[in-house]
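Asks: Here you go, my_file.txt (compact mmCIF, C-alpha atoms):
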```txt
# COMPACT_ATOMS: atom_id res chain seq x y z
CA MET A 1 -2.35 -19.06 6.12
CA ALA A 2 -2.53 -15.56 4.66
CA ILE A 3 -1.18 -12.45 6.34
CA VAL A 4 -2.72 -9.34 4.87
CA ASP A 5 -2.61 -6.42 7.25
CA GLY A 6 -1.56 -5.50 10.73
CA ARG A 7 -1.83 -2.71 13.22
CA PHE A 8 0.99 -0.31 14.01
CA HIS A 9 1.55 1.08 17.49
CA GLN A 10 -1.59 -0.45 19.06
CA CYS A 11 -0.29 -4.02 19.31
CA LEU A 12 2.58 -6.18 18.11
CA SER A 13 2.50 -7.13 14.46
CA VAL A 14 2.89 -10.75 13.40
CA GLY A 15 6.50 -11.65 14.05
CA HIS A 16 9.14 -13.47 12.08
CA ALA A 17 9.38 -16.23 14.69
CA GLU A 18 5.66 -16.98 14.41
CA ILE A 19 5.92 -17.22 10.63
CA ARG A 20 9.05 -19.43 10.82
CA SER A 21 7.18 -21.72 13.20
CA ALA A 22 4.21 -22.01 10.82
CA LEU A 23 6.54 -22.71 7.87
CA ALA A 24 8.41 -25.33 9.89
CA GLY A 25 5.07 -26.94 10.72
CA GLY A 26 4.33 -27.40 7.02
CA TRP A 27 1.94 -24.51 6.54
CA GLN A 28 1.77 -22.53 3.32
CA VAL A 29 2.18 -18.94 4.48
CA TRP A 30 1.21 -16.14 2.12
CA GLY A 31 1.72 -12.42 2.51
CA LEU A 32 0.07 -9.60 0.58
CA SER A 33 -1.32 -6.08 0.57
CA SER A 34 0.35 -4.47 3.56
CA MET A 35 2.02 -6.04 6.59
CA GLY A 36 1.72 -9.37 4.79
CA ALA A 37 3.62 -8.03 1.78
CA ILE A 38 6.35 -6.68 4.05
CA ARG A 39 6.79 -10.02 5.84
CA ALA A 40 6.60 -12.03 2.58
CA CYS A 41 9.38 -9.97 1.05
CA GLU A 42 11.52 -10.24 4.18
CA MET A 43 10.97 -14.01 4.45
CA ARG A 44 10.69 -15.10 0.82
CA HIS A 45 13.99 -17.00 1.09
CA MET A 46 12.57 -19.00 4.01
CA GLY A 47 9.58 -20.26 2.05
CA MET A 48 6.99 -17.58 2.70
CA ARG A 49 5.07 -16.78 -0.47
CA GLY A 50 4.23 -13.30 -1.62
CA TYR A 51 1.37 -12.15 -3.78
CA GLY A 52 0.35 -8.96 -5.52
CA LYS A 53 1.62 -5.61 -6.66
CA VAL A 54 2.47 -4.29 -3.20
CA TYR A 55 4.60 -7.38 -2.55
CA GLU A 56 6.34 -6.88 -5.91
CA LEU A 57 7.08 -3.24 -5.05
CA PHE A 58 8.69 -4.23 -1.75
CA CYS A 59 10.86 -6.86 -3.40
CA ARG A 60 11.78 -4.79 -6.47
CA ASP A 61 12.55 -1.43 -4.84
CA GLU A 62 14.96 -1.53 -1.91
CA ASN A 63 13.97 2.06 -1.07
CA PHE A 64 10.28 1.13 -0.65
CA ARG A 65 9.53 1.82 3.00
CA ASP A 66 7.15 0.15 5.43
CA ASP A 67 5.30 3.40 6.00
CA GLU A 68 4.28 3.49 2.32
CA VAL A 69 1.51 1.00 3.11
CA ALA A 70 0.61 2.42 6.53
CA LEU A 71 -2.51 4.39 7.31
CA SER A 72 -4.15 5.65 10.42
CA HIS A 73 -7.66 4.48 11.18
CA GLY A 74 -10.45 4.78 13.69
CA PRO A 75 -10.11 2.90 17.00
CA GLU A 76 -13.19 0.69 16.65
CA PRO A 77 -14.40 -1.80 14.02
CA PRO A 78 -14.79 -1.38 11.10
CA TYR A 79 -11.66 0.79 11.63
CA PRO A 80 -12.45 3.54 9.09
CA ALA A 81 -9.38 4.91 7.30
CA LEU A 82 -8.33 8.39 8.41
CA SER A 83 -5.38 8.67 6.04
CA GLU A 84 -4.28 7.22 2.70
CA PRO A 85 -1.24 4.98 2.16
CA LEU A 86 1.55 6.55 0.14
CA VAL A 87 1.56 3.55 -2.22
CA HIS A 88 -1.94 4.63 -3.34
CA LEU A 89 -1.04 8.32 -3.56
CA ARG A 90 2.01 7.50 -5.71
CA LEU A 91 -0.18 5.66 -8.20
CA TRP A 92 -2.65 8.56 -8.29
CA LEU A 93 0.12 11.11 -8.86
CA HIS A 94 1.50 8.98 -11.67
CA GLU A 95 -1.95 8.98 -13.26
CA LEU A 96 -1.92 12.79 -13.13
CA VAL A 97 1.39 12.70 -15.02
CA THR A 98 -0.06 10.25 -17.56
CA MET A 99 -2.99 12.65 -18.01
CA ARG A 100 -0.44 15.46 -18.53
CA LEU A 101 -1.79 17.44 -15.64
CA LEU A 102 1.50 17.16 -13.75
CA HIS A 103 5.08 17.00 -15.00
CA SER A 104 7.38 14.20 -13.78
CA ALA A 105 9.43 16.72 -11.80
CA GLN A 106 6.30 17.87 -10.00
CA GLU A 107 5.37 14.26 -9.26
CA ARG A 108 8.81 13.64 -7.73
CA GLN A 109 8.53 16.84 -5.69
CA LEU A 110 5.11 15.81 -4.35
CA VAL A 111 6.24 12.28 -3.50
CA LYS A 112 9.25 13.68 -1.66
CA ARG A 113 6.98 16.00 0.35
CA LEU A 114 4.56 13.18 1.12
CA MET A 115 7.40 10.87 2.17
CA ALA A 116 8.58 13.51 4.65
CA MET A 117 5.17 13.47 6.36
CA TRP A 118 4.07 11.13 9.12
CA PHE A 119 1.85 8.49 7.50
CA GLY A 120 -1.18 9.55 9.54
CA GLU A 121 -1.08 13.01 7.95
CA ARG A 122 -1.20 11.68 4.38
CA THR A 123 -4.84 12.25 3.51
CA LEU A 124 -6.57 12.66 0.18
CA PHE A 125 -7.52 16.18 1.26
CA GLN A 126 -3.86 17.00 1.99
CA ALA A 127 -2.60 15.42 -1.25
CA ARG A 128 -5.30 17.21 -3.28
CA SER A 129 -4.31 20.53 -1.70
CA MET A 130 -0.64 19.95 -2.51
CA VAL A 131 -1.46 19.08 -6.13
CA LEU A 132 -3.78 22.05 -6.59
CA ASP A 133 -1.10 24.39 -5.24
CA LEU A 134 0.87 23.40 -8.35
CA ILE A 135 -1.96 23.16 -10.89
CA PRO A 136 -4.91 25.23 -9.62
CA LYS A 137 -6.49 25.52 -13.07
CA HIS A 138 -7.08 21.76 -13.19
CA ILE A 139 -9.34 21.44 -10.14
CA HIS A 140 -12.11 19.68 -12.07
CA GLU A 141 -9.78 17.07 -13.60
CA VAL A 142 -8.07 16.44 -10.27
CA ASP A 143 -11.40 16.08 -8.48
CA GLU A 144 -12.63 13.66 -11.14
CA THR A 145 -9.66 11.36 -10.48
CA LEU A 146 -10.43 11.51 -6.77
CA ARG A 147 -14.05 10.46 -7.37
CA ASN A 148 -12.68 7.20 -8.80
CA PHE A 149 -9.84 6.83 -6.29
CA ASP A 150 -10.61 3.18 -5.52
CA LYS A 151 -8.78 2.19 -8.70
CA PHE A 152 -5.54 3.40 -7.06
CA ARG A 153 -6.01 1.28 -3.92
CA LEU A 154 -3.48 -1.47 -4.66
CA LYS A 155 -3.71 -2.99 -1.20
CA THR A 156 -7.43 -3.69 -1.60
CA ASP A 157 -6.97 -4.83 -5.18
CA ASP A 158 -4.29 -7.32 -4.13
CA LEU A 159 -6.63 -8.86 -1.56
CA TYR A 160 -9.55 -9.13 -4.00
CA LYS A 161 -7.38 -10.77 -6.64
CA PHE A 162 -5.82 -13.14 -4.10
CA LEU A 163 -9.26 -14.32 -3.01
CA GLN A 164 -10.47 -14.65 -6.62
CA GLU A 165 -7.41 -16.45 -7.98
CA GLN A 166 -6.86 -18.63 -4.89
CA PRO A 167 -3.18 -19.29 -5.66
CA TRP A 168 -2.82 -21.52 -2.61
CA LYS A 169 -4.84 -24.20 -4.42
CA SER A 170 -2.26 -24.60 -7.17
CA CYS A 171 0.78 -24.77 -4.88
CA SER A 172 2.04 -27.75 -3.00
```
Have the structure of the file written as structure tokens, please.
Replies:
Amino acid sequence: MAIVDGRFHQCLSVGHAEIRSALAGGWQVWGLSSMGAIRACEMRHMGMRGYGKVYELFCRDENFRDDEVALSHGPEPPYPALSEPLVHLRLWLHELVTMRLLHSAQERQLVKRLMAMWFGERTLFQARSMVLDLIPKHIHEVDETLRNFDKFRLKTDDLYKFLQEQPWKSCS
């Protein structure tokens, strides 16, 4: 069984008791990407298995918050994203530092501002605006990174790699 994502506010997320029951019944239970990564980190000592970079962030950084993977989305399938998870925006901001467009202090300032926002307000448009307030002369470079933003989407990348690697086949 793999738990990947969940919905906030609209319905109850998969609970600890349900996962404990599956584990007790002999199921391999994996968690990754979003809600699954949260539950896998919380229940790793009970036998739940975690996978991916988002899972590693939750387990490694005790200050990593649930809302860092949250996004708001449309009400109907295919549930189009209306905001961007902070975990993706953090990676993008770090890339801007690596490219020497932002300084580390500016990155920290932007992350702090984004963390103070409700997750549904964290959009690429909003993040771009905040960045360009600091470095308006680099609009073309910033926009180029946004054209290739999929490379910063760790949640999606974790799922693709999980399905490609199929780690459940090599575990007992």
Asks: Go through A:Lys137, A:Arg108, A:Lys151, A:Arg39 one by one, measure the shortest atom-to-atom distance of each to A:His16 using only C-alpha atoms, and give the residue with the smallest value.
Replies: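 Counting only C-alpha atoms, the residue closest to A:His16 is A:Arg39.
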Asks: What lies within 10 Å of A:Leu154 using only C-alpha atoms, ignoring chain neighbours under 3 positions off, as an NGL selection string?
Replies: :A and (33-34 or 52-54 or 69 or 85 or 87-88 or 91 or 150-151 or 157-160)
Asks: For A:Trp92, which residue out of A:Leu110, A:Met1, A:Val29, A:Ile19 is the nearest one, using only C-alpha atoms?
Replies: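 The closest residue to A:Trp92 is A:Leu110.
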Asks: With all atoms listed in the file as the atoms that count, which of A:Gly74, A:Val4, A:Glu62, A:Glu141 lies nearest to A:Glu95?
Replies: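 That would be A:Glu141, the residue with the smallest distance to A:Glu95.
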Asks: Could you pull the residues within 12 Å of stretch 124-135 of chain A, counting all atoms listed in the file, minus those fewer than 6 positions along the same chain, as an NGL selection string?
Replies: :A and (71 or 81-86 or 88-90 or 92-94 or 96-97 or 100-103 or 105-115 or 117 or 141-147 or 149-150 or 152)
Asks: Restricting the calculation to only C-alpha atoms: of A:Glu68, A:Glu56, A:Glu165, A:Asp5, which residue gets closest to A:Met35?
Replies: A:Asp5
